[in-house]
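Q: upload_39.txt is the file, holding compact mmCIF, C-alpha atoms and all ligand atoms:
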# COMPACT_ATOMS: atom_id res chain seq x y z
CA MET Y 81 0.00 0.00 0.00
CA LYS Y 82 1.33 3.36 -0.99
CA TYR Y 83 -0.57 5.46 1.60
CA ASP Y 84 -1.84 4.74 5.10
CA LEU Y 85 -4.91 6.97 5.06
CA GLN Y 86 -7.00 8.86 2.56
CA ILE Y 87 -9.42 11.61 3.57
CA LYS Y 88 -11.60 12.25 0.55
CA ASN Y 89 -14.40 14.54 -0.43
CA VAL Y 90 -13.41 17.39 1.87
CA ARG Y 91 -13.45 21.16 1.55
CA ILE Y 92 -9.92 22.09 2.61
CA ALA Y 93 -9.37 25.47 4.27
CA THR Y 94 -5.75 26.24 4.94
CA VAL Y 95 -3.25 29.05 4.79
CA ASN Y 96 0.08 28.61 3.09
CA ASN Y 97 1.56 31.75 1.71
CA GLU Y 98 -1.92 32.69 0.57
CA ASN Y 99 -5.24 31.67 1.98
CA GLN Y 100 -6.35 28.64 0.17
CA ILE Y 101 -9.65 26.87 -0.15
CA ILE Y 102 -9.77 23.64 -2.10
CA PRO Y 103 -13.53 23.22 -2.61
CA CYS Y 104 -13.33 19.48 -3.04
CA GLY Y 105 -10.16 17.58 -2.37
CA ARG Y 106 -8.51 14.60 -0.84
CA VAL Y 107 -5.49 14.25 1.36
CA PHE Y 108 -3.25 11.19 1.42
CA ILE Y 109 -1.22 10.42 4.49
CA LYS Y 110 1.82 8.23 4.80
CA GLY Y 111 3.16 7.56 8.25
CA ASN Y 112 2.79 10.80 10.18
CA LYS Y 113 3.04 13.11 7.13
CA ILE Y 114 0.83 14.57 4.43
CA ALA Y 115 2.01 12.82 1.27
CA LYS Y 116 -0.34 14.12 -1.42
CA ILE Y 117 -3.20 16.58 -1.87
CA GLU Y 118 -5.56 16.37 -4.85
CA CYS Y 119 -8.54 18.33 -6.07
CA HIS Y 120 -11.35 16.20 -7.40
CA GLU Y 121 -14.96 16.33 -8.54
CA GLU Y 122 -17.56 15.54 -5.93
CA ASN Y 123 -18.01 11.81 -5.35
CA GLU Y 124 -15.37 10.99 -7.94
CA ASP Y 125 -13.10 8.18 -6.79
CA SER Y 126 -9.37 8.44 -7.25
CA GLU Y 127 -7.53 5.85 -9.27
CA ILE Y 128 -5.08 5.67 -6.45
CA ASN Y 129 -7.91 5.09 -3.99
CA ILE Y 130 -6.94 1.48 -3.68
CA PHE Y 131 -3.43 2.44 -2.63
CA ALA Y 132 -4.59 3.75 0.74
CA LYS Y 133 -5.08 1.27 3.56
CA LYS Y 134 -7.90 3.26 5.07
CA ALA Y 135 -10.30 5.94 3.82
CA ILE Y 136 -12.46 8.56 5.49
CA ASP Y 137 -15.27 10.08 3.45
CA GLY Y 138 -15.52 13.74 4.48
CA LYS Y 139 -18.92 14.09 2.75
CA GLY Y 140 -18.11 17.57 1.52
CA LEU Y 141 -17.36 18.92 4.99
CA LEU Y 142 -14.51 21.15 6.16
CA LEU Y 143 -10.94 19.99 6.76
CA THR Y 144 -8.43 22.35 8.41
CA PRO Y 145 -4.98 22.00 9.91
CA GLY Y 146 -5.06 21.02 13.57
CA LEU Y 147 -5.47 24.21 15.59
CA ILE Y 148 -2.50 25.54 17.56
CA ASP Y 149 -2.94 27.38 20.85
CA CYS Y 150 0.35 29.26 21.13
CA HIS Y 151 -0.14 30.92 24.56
CA THR Y 152 -1.57 29.15 27.63
CA HIS Y 153 -0.97 28.88 31.37
CA MET Y 154 -2.90 25.62 31.67
CA VAL Y 155 -1.02 23.95 34.49
CA PHE Y 156 -2.19 25.44 37.76
CA ALA Y 157 -4.07 24.65 40.95
CA GLY Y 158 -6.82 26.52 42.76
CA ASP Y 159 -9.74 28.66 41.75
CA ARG Y 160 -9.89 32.43 41.30
CA SER Y 161 -13.51 32.84 40.20
CA ASN Y 162 -14.02 35.19 43.16
CA GLU Y 163 -11.81 37.82 41.47
CA LEU Y 164 -14.41 38.29 38.76
CA PHE Y 165 -16.88 39.40 41.42
CA LEU Y 166 -14.31 41.54 43.24
CA ARG Y 167 -13.73 43.36 39.96
CA ASN Y 168 -17.47 43.78 39.50
CA ARG Y 169 -17.51 45.47 42.90
CA GLY Y 170 -14.90 47.94 41.70
CA GLU Y 171 -11.54 46.41 42.57
CA SER Y 172 -9.03 46.35 39.74
CA TYR Y 173 -6.83 43.44 38.59
CA CYS Y 174 -3.83 45.51 39.68
CA SER Y 175 -5.11 46.15 43.20
CA ILE Y 176 -6.08 42.49 43.67
CA THR Y 177 -2.56 41.57 42.52
CA LYS Y 178 -0.90 44.12 44.83
CA ARG Y 179 -2.57 42.70 47.93
CA GLY Y 180 -1.40 39.16 47.20
CA GLY Y 181 -4.37 37.89 45.20
CA GLY Y 182 -4.06 37.40 41.47
CA ILE Y 183 -1.09 35.40 40.23
CA LEU Y 184 0.37 35.00 43.77
CA SER Y 185 -2.73 33.22 45.02
CA THR Y 186 -2.46 30.67 42.19
CA VAL Y 187 1.24 30.34 43.03
CA LYS Y 188 0.42 29.41 46.65
CA GLN Y 189 -2.02 26.71 45.53
CA THR Y 190 0.28 25.37 42.82
CA GLN Y 191 3.27 25.13 45.16
CA ILE Y 192 1.38 22.86 47.59
CA THR Y 193 -0.32 20.66 45.01
CA GLU Y 194 1.22 17.27 44.24
CA PHE Y 195 2.38 16.38 40.76
CA ASN Y 196 -0.42 13.85 40.18
CA LEU Y 197 -3.21 16.20 41.12
CA LEU Y 198 -1.73 18.97 39.02
CA GLU Y 199 -1.42 16.51 36.17
CA ASN Y 200 -5.04 15.29 36.46
CA SER Y 201 -6.46 18.77 36.21
CA ALA Y 202 -4.14 19.68 33.32
CA VAL Y 203 -5.07 16.51 31.41
CA SER Y 204 -8.73 17.35 31.78
CA ARG Y 205 -8.22 20.92 30.48
CA ALA Y 206 -6.04 19.75 27.59
CA LYS Y 207 -8.65 17.14 26.67
CA THR Y 208 -11.28 19.86 26.52
CA MET Y 209 -9.02 21.83 24.15
CA LEU Y 210 -8.23 18.76 22.03
CA LYS Y 211 -11.91 17.94 21.57
CA GLN Y 212 -12.31 21.37 20.06
CA GLY Y 213 -9.63 20.83 17.46
CA VAL Y 214 -6.37 21.83 19.18
CA THR Y 215 -3.51 19.47 18.28
CA THR Y 216 -0.57 21.59 19.51
CA ILE Y 217 -0.43 23.66 22.64
CA GLU Y 218 2.10 25.91 24.28
CA ILE Y 219 2.16 25.80 28.09
CA LYS Y 220 3.95 28.24 30.35
CA SER Y 221 5.12 27.76 33.90
CA GLY Y 222 5.09 30.90 36.05
CA TYR Y 223 2.80 29.74 38.87
CA GLY Y 224 5.69 28.26 40.84
CA LEU Y 225 8.19 31.10 41.18
CA ASN Y 226 10.52 28.82 43.17
CA LEU Y 227 12.63 26.40 41.13
CA ASN Y 228 10.99 23.20 42.43
CA THR Y 229 7.50 24.25 41.53
CA GLU Y 230 8.51 25.73 38.17
CA GLU Y 231 10.14 22.39 37.32
CA LYS Y 232 7.04 20.52 38.51
CA ILE Y 233 4.79 22.61 36.23
CA LEU Y 234 7.02 22.14 33.19
CA LYS Y 235 7.22 18.38 33.79
CA VAL Y 236 3.43 18.15 34.15
CA ALA Y 237 3.07 20.10 30.90
CA LYS Y 238 5.45 17.84 29.01
CA ALA Y 239 3.84 14.70 30.48
CA LEU Y 240 0.53 15.62 28.80
CA GLU Y 241 2.02 14.25 25.58
CA PHE Y 242 1.98 10.79 27.17
CA SER Y 243 -1.68 11.05 28.20
CA LEU Y 244 -3.15 12.67 25.11
CA PRO Y 245 -2.50 12.89 21.37
CA ILE Y 246 -1.44 16.51 21.62
CA SER Y 247 1.97 18.16 21.11
CA VAL Y 248 3.17 20.38 23.92
CA ILE Y 249 5.75 23.15 23.70
CA THR Y 250 6.92 24.37 27.09
CA THR Y 251 7.87 27.88 28.13
CA TYR Y 252 9.64 28.86 31.33
CA LEU Y 253 7.86 32.00 32.54
CA GLY Y 254 10.53 32.86 35.07
CA LEU Y 255 9.53 36.46 35.68
CA HIS Y 256 5.76 36.30 36.13
CA ALA Y 257 5.12 37.85 39.53
CA ILE Y 258 7.15 39.20 42.42
CA PRO Y 259 7.30 36.72 45.31
CA GLU Y 260 6.14 38.26 48.61
CA LYS Y 261 9.57 37.96 50.23
CA TYR Y 262 11.30 39.88 47.42
CA LYS Y 263 8.73 42.69 47.40
CA TYR Y 264 11.30 45.22 48.58
CA ASN Y 265 14.22 43.83 46.62
CA ILE Y 266 12.94 42.79 43.25
CA ASP Y 267 16.39 42.82 41.65
CA LEU Y 268 17.53 40.17 44.10
CA TYR Y 269 14.82 37.88 42.76
CA VAL Y 270 15.57 38.78 39.13
CA ASN Y 271 19.25 37.98 39.72
CA LYS Y 272 18.37 34.65 41.29
CA VAL Y 273 16.22 33.71 38.30
CA ILE Y 274 18.94 34.77 35.87
CA GLU Y 275 21.91 33.25 37.65
CA ARG Y 276 20.42 30.14 39.27
CA TYR Y 277 17.10 29.13 37.72
CA LEU Y 278 17.63 29.76 34.00
CA PRO Y 279 20.77 27.58 33.79
CA VAL Y 280 19.00 24.69 35.56
CA ILE Y 281 15.95 24.85 33.28
CA ALA Y 282 18.33 24.93 30.29
CA GLU Y 283 20.49 22.08 31.58
CA LYS Y 284 17.45 19.88 32.22
CA LYS Y 285 15.92 20.84 28.86
CA LEU Y 286 12.57 21.57 30.48
CA ALA Y 287 11.57 24.41 28.16
CA THR Y 288 12.03 25.59 24.58
CA PHE Y 289 11.02 29.19 25.27
CA VAL Y 290 11.30 31.70 28.07
CA ASP Y 291 8.75 34.39 28.75
CA ALA Y 292 8.28 37.22 31.27
CA PHE Y 293 5.58 39.66 32.33
CA CYS Y 294 6.81 43.18 31.57
CA ASP Y 295 4.37 45.62 33.10
CA LYS Y 296 3.93 48.12 35.88
CA ILE Y 297 2.62 45.44 38.28
CA ALA Y 298 5.37 43.00 37.35
CA PHE Y 299 8.91 43.51 35.94
CA THR Y 300 10.56 46.49 34.28
CA LYS Y 301 11.88 46.53 30.75
CA HIS Y 302 15.42 46.66 32.10
CA GLN Y 303 14.95 43.62 34.36
CA VAL Y 304 13.30 41.67 31.56
CA GLU Y 305 16.00 42.62 29.07
CA ARG Y 306 18.73 41.23 31.34
CA TYR Y 307 16.76 38.01 31.74
CA LEU Y 308 16.02 37.60 28.02
CA ASN Y 309 19.65 38.24 27.13
CA LYS Y 310 20.83 35.52 29.48
CA ALA Y 311 18.14 33.15 28.23
CA LYS Y 312 19.19 33.78 24.65
CA GLN Y 313 22.81 32.98 25.53
CA LEU Y 314 21.62 29.71 27.04
CA GLY Y 315 19.87 28.78 23.79
CA PHE Y 316 16.25 29.51 24.70
CA LYS Y 317 13.82 31.05 22.22
CA LEU Y 318 12.07 34.17 23.47
CA LYS Y 319 8.52 35.41 24.09
CA LEU Y 320 7.18 38.30 26.12
CA HIS Y 321 3.93 39.40 27.83
CA ALA Y 322 4.16 42.99 26.72
CA GLU Y 323 2.06 46.15 26.77
CA GLN Y 324 -0.91 44.38 28.36
CA MET Y 325 -1.75 47.10 30.88
CA SER Y 326 0.63 49.91 30.03
CA ASP Y 327 3.22 50.83 27.42
CA GLN Y 328 6.60 49.73 28.80
CA LYS Y 329 8.27 49.42 25.37
CA GLY Y 330 8.83 45.75 26.16
CA ALA Y 331 7.55 44.44 22.83
CA LEU Y 332 10.09 46.36 20.77
CA MET Y 333 12.93 45.41 23.12
CA ALA Y 334 11.99 41.70 22.85
CA ALA Y 335 11.53 41.88 19.07
CA LYS Y 336 15.00 43.41 18.74
CA LEU Y 337 16.39 40.45 20.70
CA GLY Y 338 14.77 38.14 18.14
CA ALA Y 339 11.66 37.11 20.09
CA HIS Y 340 9.40 34.69 18.23
CA SER Y 341 6.39 36.52 19.62
CA VAL Y 342 5.22 39.42 21.72
CA ASP Y 343 1.86 38.81 23.36
CA HIS Y 344 -1.18 40.87 24.53
CA LEU Y 345 -0.13 44.31 23.09
CA GLU Y 346 -3.19 46.40 23.99
CA TYR Y 347 -0.93 49.38 24.80
CA LEU Y 348 1.56 48.90 21.94
CA SER Y 349 2.22 52.19 20.14
CA LYS Y 350 1.92 52.66 16.40
CA ARG Y 351 5.52 53.75 16.18
CA ASP Y 352 6.72 50.53 17.83
CA CYS Y 353 4.59 48.52 15.37
CA LEU Y 354 6.62 50.02 12.54
CA GLU Y 355 9.90 48.97 14.20
CA ILE Y 356 8.59 45.52 15.06
CA SER Y 357 7.47 44.98 11.46
CA LYS Y 358 11.16 45.00 10.46
CA MET Y 359 11.71 41.84 12.56
CA ARG Y 360 10.12 38.41 12.18
CA THR Y 361 8.24 38.63 15.46
CA VAL Y 362 4.61 37.47 15.62
CA ALA Y 363 2.01 39.58 17.45
CA VAL Y 364 -0.05 37.19 19.60
CA LEU Y 365 -3.45 38.66 20.48
CA LEU Y 366 -5.34 37.34 23.49
CA PRO Y 367 -8.98 38.42 23.30
CA GLY Y 368 -9.96 36.20 26.26
CA ALA Y 369 -7.95 38.34 28.71
CA TYR Y 370 -9.16 41.55 27.04
CA TYR Y 371 -12.77 40.45 27.47
CA TYR Y 372 -12.50 38.96 30.96
CA LEU Y 373 -10.68 41.99 32.40
CA LYS Y 374 -13.14 44.32 30.62
CA GLU Y 375 -10.20 46.09 29.00
CA VAL Y 376 -11.28 48.99 26.82
CA LYS Y 377 -8.10 49.75 24.93
CA LEU Y 378 -7.91 47.58 21.84
CA PRO Y 379 -4.56 46.37 20.51
CA PRO Y 380 -3.49 48.39 17.43
CA ILE Y 381 -4.96 45.83 15.04
CA ASP Y 382 -5.19 48.09 11.96
CA THR Y 383 -1.58 49.14 12.36
CA LEU Y 384 -0.37 45.57 12.87
CA GLN Y 385 -2.18 44.65 9.66
CA GLU Y 386 -1.01 47.74 7.77
CA TYR Y 387 2.62 46.88 8.60
CA LYS Y 388 2.01 43.20 7.80
CA ILE Y 389 3.04 41.95 11.22
CA PRO Y 390 1.87 38.33 11.45
CA ILE Y 391 -1.00 38.02 13.94
CA ALA Y 392 -1.69 34.89 15.97
CA ILE Y 393 -4.68 34.35 18.24
CA ALA Y 394 -4.41 32.33 21.45
CA SER Y 395 -6.46 31.48 24.52
CA ASP Y 396 -4.11 32.67 27.31
CA ALA Y 397 -5.98 29.94 29.25
CA ASN Y 398 -5.36 30.68 32.95
CA PRO Y 399 -7.37 30.93 36.16
CA GLY Y 400 -7.24 34.70 36.58
CA THR Y 401 -7.55 36.60 33.33
CA SER Y 402 -8.83 34.09 30.77
CA PRO Y 403 -10.43 30.97 32.27
CA PHE Y 404 -11.40 29.71 28.82
CA PHE Y 405 -10.35 26.31 27.56
CA SER Y 406 -11.85 26.64 24.11
CA LEU Y 407 -9.96 28.02 21.14
CA PRO Y 408 -13.19 28.33 19.05
CA LEU Y 409 -14.64 30.57 21.79
CA ILE Y 410 -11.50 32.72 21.65
CA MET Y 411 -11.80 32.83 17.85
CA ASN Y 412 -15.32 34.13 18.29
CA MET Y 413 -14.00 36.90 20.56
CA ALA Y 414 -11.27 37.72 18.01
CA CYS Y 415 -14.04 38.21 15.48
CA VAL Y 416 -16.66 40.00 17.61
CA ILE Y 417 -14.38 42.14 19.78
CA PHE Y 418 -11.24 42.56 17.65
CA GLY Y 419 -13.09 42.61 14.31
CA LEU Y 420 -10.79 40.07 12.63
CA ASP Y 421 -12.11 38.28 9.58
CA SER Y 422 -12.31 34.55 9.15
CA ASN Y 423 -9.12 34.13 7.07
CA ASP Y 424 -7.10 36.16 9.57
CA ILE Y 425 -8.47 34.05 12.41
CA LEU Y 426 -7.74 30.79 10.57
CA LYS Y 427 -4.20 31.98 9.95
CA GLY Y 428 -3.99 33.19 13.56
CA VAL Y 429 -4.71 29.76 15.03
CA THR Y 430 -2.73 27.75 12.49
CA LEU Y 431 0.21 29.07 10.47
CA ASN Y 432 0.94 32.22 12.48
CA ALA Y 433 0.51 30.35 15.76
CA ALA Y 434 3.03 27.83 14.41
CA ARG Y 435 5.39 30.71 13.56
CA ALA Y 436 5.02 32.07 17.09
CA LEU Y 437 6.26 28.68 18.28
CA GLY Y 438 8.98 28.24 15.65
CA ILE Y 439 7.35 25.10 14.21
CA SER Y 440 5.85 26.38 10.96
CA ASP Y 441 8.09 24.14 8.84
CA ASN Y 442 6.31 21.13 10.31
CA VAL Y 443 2.74 22.12 11.18
CA GLY Y 444 0.21 24.92 10.71
CA SER Y 445 -1.04 24.22 7.18
CA VAL Y 446 -2.30 21.42 4.96
CA GLU Y 447 0.80 21.01 2.82
CA VAL Y 448 2.69 18.06 1.43
CA GLY Y 449 5.59 17.17 3.71
CA LYS Y 450 4.06 18.62 6.85
CA ILE Y 451 2.93 16.54 9.83
CA ALA Y 452 -0.62 15.23 9.30
CA ASP Y 453 -2.34 17.11 12.14
CA LEU Y 454 -5.82 17.68 10.71
CA VAL Y 455 -9.36 18.39 11.87
CA LEU Y 456 -12.59 17.49 10.14
CA TRP Y 457 -15.53 19.70 11.12
CA LYS Y 458 -19.30 19.05 10.94
CA THR Y 459 -19.77 22.14 8.77
CA LYS Y 460 -18.68 23.37 5.36
CA SER Y 461 -17.30 26.71 6.50
CA PHE Y 462 -14.73 27.94 8.99
CA GLU Y 463 -16.96 30.99 9.50
CA ARG Y 464 -19.44 28.70 11.23
CA VAL Y 465 -16.79 27.36 13.62
CA ILE Y 466 -16.04 30.97 14.61
CA ALA Y 467 -19.65 32.12 14.75
CA SER Y 468 -20.97 29.20 16.78
CA PRO Y 469 -18.18 28.12 19.12
CA THR Y 470 -20.26 26.06 21.56
CA GLU Y 471 -21.78 23.82 18.93
CA GLU Y 472 -19.17 21.01 19.19
CA LEU Y 473 -18.50 21.06 15.49
CA CYS Y 474 -15.26 19.14 15.63
CA SER Y 475 -15.95 15.64 14.32
CA THR Y 476 -12.64 13.86 13.64
CA ILE Y 477 -9.11 14.68 14.66
CA ILE Y 478 -6.07 13.24 12.94
CA LYS Y 479 -2.90 13.57 15.02
CA GLU Y 480 0.37 12.69 13.32
CA GLY Y 481 -1.51 10.65 10.74
CA LYS Y 482 -3.59 8.67 13.23
CA ILE Y 483 -7.32 9.01 13.85
CA VAL Y 484 -7.85 10.17 17.44
CA LYS Y 485 -10.41 8.26 19.50
CA LEU Y 486 -12.15 10.88 21.61
O1 LIG O 501 -1.37 36.41 30.47
N1 LIG O 501 -0.30 38.84 32.36
C1 LIG O 501 0.24 37.97 32.99
N2 LIG O 501 -0.08 36.69 33.07
C2 LIG O 501 -1.37 36.13 32.76
C3 LIG O 501 -2.30 36.33 33.90
C4 LIG O 501 -2.13 35.29 34.85
C5 LIG O 501 -3.04 35.38 36.02
O2 LIG O 501 -3.70 36.40 36.31
O3 LIG O 501 -3.06 34.35 36.65
C6 LIG O 501 -1.95 36.69 31.50
O4 LIG O 501 -2.98 37.38 31.48
FE FE O 502 -0.48 34.99 29.40
Would you give me this structure, written as structure tokens?

A:
Amino acid sequence: MKYDLQIKNVRIATVNNENQIIPCGRVFIKGNKIAKIECHEENEDSEINIFAKKAIDGKGLLLTPGLIDCHTHMVFAGDRSNELFLRNRGESYCSITKRGGGILSTVKQTQITEFNLLENSAVSRAKTMLKQGVTTIEIKSGYGLNLNTEEKILKVAKALEFSLPISVITTYLGLHAIPEKYKYNIDLYVNKVIERYLPVIAEKKLATFVDAFCDKIAFTKHQVERYLNKAKQLGFKLKLHAEQMSDQKGALMAAKLGAHSVDHLEYLSKRDCLEISKMRTVAVLLPGAYYYLKEVKLPPIDTLQEYKIPIAIASDANPGTSPFFSLPLIMNMACVIFGLDSNDILKGVTLNAARALGISDNVGSVEVGKIADLVLWKTKSFERVIASPTEELCSTIIKEGKIVKL
């Protein structure tokens, strides 16, 4: 047999260099890779049909690349639902954070939770994401702050690949929040992360990326720059939470250091967009956090588009600012709140998300030679997946060439 699997009679929506719709096509898979893509007339059988061991008839429905969620904080313990109501009573995210709630309260819970329990809850969240078409996920640490707990989170994240047919890319979010005991000497903590923690995470190969939170309630541009420089020397790829709540000029600094992505960006200036457009950095937009925190300042979407900065869309799944474990729901927010159109959203959760993770040579589009991570939907149009995110439209998932049993 020449091929292992044929998916025929599908409407293929993908983004390569251009957006591409193949109204009626078939995809042949060999091993874990896409081996051939053909256009065909409806119901017409291929002569090479018999060369595939197995066939799926897509019945004219939609086939897309597996979705990629390129920014999550999915490994955590505890519950911060109360903060939503505190904010409704007038408290801000910043003031909750300053009095030890926010990220620090998740840190406390995550530090005392055993590996297995942390793993169980993460598996359940990742399964929820997978069922909605996500085949690759990025997971950040950052709810440990001490080295032991950061390592525990990264190991739990990586272990998800053994429980579920999902690829995980890990990010060490070393500078996420200021631990209580370093409140009056933040540089001491930053130095410890740079000199002691980063080399251990590198040595143990626990993360591909590093990330930090550069904002007025977290770390300064200068502190983050020192950390990113050291991380780069150690061979990490870079990301940054930048310009979420104020303009700290973090995004431009990170882009200049070669960051794969800068994320959030509500307060990014137009001038910095122009500079960033000269680099290869992806702008990752996180409409879940924008919505949940009732932010009113939109990221500079028109400018990002005008300067052709690649835009990715991600869930930011976390207990405090975006407790949403559904990429289709986030895609809906990207459309309704950020005004992005369906092709931009498709690109944002496939090819550009892959670029943000440095894996676009292997995944992110339906292309010969790429890994066969594919999703078949119970609809003909990607617009419908965006418009109606709670409809459970995902029907079949192919992960690395194999049909996933959900
Ligand atoms: O991406 N901004 C920093 N980190 C997370 C929030 C995490 C939290 O509040 O627990 C974010 O929004
Ligand atoms: Fe985040």

Q: Check which residues of chain Y sit at most 7 Å from ligand FE 502 (chain O) using all atoms listed in the file, and return one row each with the closest pair of atoms and their distance in Å to one decimal, ordered by chain and rising number, as JSON lines.

A:
{"residue": "Y:His151", "atom": "CA", "partner": "O:FE502", "partner_atom": "FE", "distance": 6.3}
{"residue": "Y:Thr152", "atom": "CA", "partner": "O:FE502", "partner_atom": "FE", "distance": 6.2}
{"residue": "Y:His153", "atom": "CA", "partner": "O:FE502", "partner_atom": "FE", "distance": 6.4}
{"residue": "Y:His321", "atom": "CA", "partner": "O:FE502", "partner_atom": "FE", "distance": 6.4}
{"residue": "Y:Asp396", "atom": "CA", "partner": "O:FE502", "partner_atom": "FE", "distance": 4.8}

Q: Which protein, DNA or RNA residues have an atom within 10 Å of ligand LIG 501 (chain O), counting all atoms listed in the file, as a ChimeraX atom specification?

A: /Y:151-153,156,160,163,173-174,176-177,181-187,220,222-223,253,255-257,292-295,297-298,320-325,343-344,366,368-370,372-373,395-403

Q: Work out how far apart CA of Val155 in chain Y and CA of Ile233 in chain Y are and give it in Å to one decimal.

A: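 It comes out at 6.2 Å.
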
Q: List the neighbours of Ile391 in chain Y out to 10 Å using only C-alpha atoms; skip same-chain residues closer than 6 positions along the sequence, and give me the result as number ranges by chain.

A: Y: 341, 343, 361-365, 381, 384-385, 424-425, 427-429, 431-433, 435-436

Q: Go ahead and save the picked residues with C-alpha atoms, as an mmCIF file, in the coordinates of the input.

A:
data_model
loop_
_atom_site.group_PDB
_atom_site.id
_atom_site.type_symbol
_atom_site.label_atom_id
_atom_site.label_comp_id
_atom_site.auth_asym_id
_atom_site.auth_seq_id
_atom_site.Cartn_x
_atom_site.Cartn_y
_atom_site.Cartn_z
ATOM 1 C CA SER Y 341 6.390 36.520 19.620
ATOM 2 C CA ASP Y 343 1.860 38.810 23.360
ATOM 3 C CA THR Y 361 8.240 38.630 15.460
ATOM 4 C CA VAL Y 362 4.610 37.470 15.620
ATOM 5 C CA ALA Y 363 2.010 39.580 17.450
ATOM 6 C CA VAL Y 364 -0.050 37.190 19.600
ATOM 7 C CA LEU Y 365 -3.450 38.660 20.480
ATOM 8 C CA ILE Y 381 -4.960 45.830 15.040
ATOM 9 C CA LEU Y 384 -0.370 45.570 12.870
ATOM 10 C CA GLN Y 385 -2.180 44.650 9.660
ATOM 11 C CA ASP Y 424 -7.100 36.160 9.570
ATOM 12 C CA ILE Y 425 -8.470 34.050 12.410
ATOM 13 C CA LYS Y 427 -4.200 31.980 9.950
ATOM 14 C CA GLY Y 428 -3.990 33.190 13.560
ATOM 15 C CA VAL Y 429 -4.710 29.760 15.030
ATOM 16 C CA LEU Y 431 0.210 29.070 10.470
ATOM 17 C CA ASN Y 432 0.940 32.220 12.480
ATOM 18 C CA ALA Y 433 0.510 30.350 15.760
ATOM 19 C CA ARG Y 435 5.390 30.710 13.560
ATOM 20 C CA ALA Y 436 5.020 32.070 17.090
#

Q: To test the calculation: enclose all listed atoms of range 81-94 of chain Y in a box whose edges run along x, y and z, add 5 Å on each side, then state centre and edge lengths in Å to one decimal, as AutoDock Vina command-line options.

A:
--center_x -6.5 --center_y 13.1 --center_z 2.1 --size_x 25.7 --size_y 36.2 --size_z 16.1

Q: Using all atoms listed in the file for the distances, tell me which of Y:Tyr264, Y:Gly315, Y:Val416, Y:Thr459 is nearest to Glu283 in chain Y.

A: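 Selected residue with least distance to Glu283 in chain Y: Y:Gly315.
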
Q: Show which residues sit within 12 Å of Lys113 in chain Y, as a ChimeraX atom specification. Count only C-alpha atoms, and ignore same-chain residues fewer than 4 positions away.

A: /Y:83-86,107-109,117,442-443,445-454,478-482

Q: So which one's closest to Pro390 in chain Y, Y:Val270, Y:Met359, Y:Met413, Y:Leu473? Using all atoms listed in the file, please.

A: Y:Met359

Q: Which of these, Y:Ala331, Y:Tyr347, Y:Gln191, Y:Tyr262, has the shortest distance to Asn228 in chain Y once you count all atoms listed in the file?

A: Y:Gln191

Q: Around (-12.8, 38.2, 16.7) in the file's own coordinates, what residues are found within 12 Å if you use only C-alpha atoms, given back as a PyMOL selection string?

A: chain Y and resi 365-368+370-371+378+381+392-394+407-426+428-429+463+465-467+469

Q: Go through Y:Ala202, Y:Leu210, Y:Ala157, Y:Val273 and flag the residue nearest Ala239 in chain Y, using all atoms listed in the file for the distances.

A: Y:Ala202

Q: Pick the closest to Lys312 in chain Y from Y:Arg167, Y:Lys178, Y:His340, Y:Lys211: which is it, counting all atoms listed in the file?

A: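 Going through Y:Arg167, Y:Lys178, Y:His340, Y:Lys211 one by one, the smallest distance to Lys312 in chain Y is for Y:His340.
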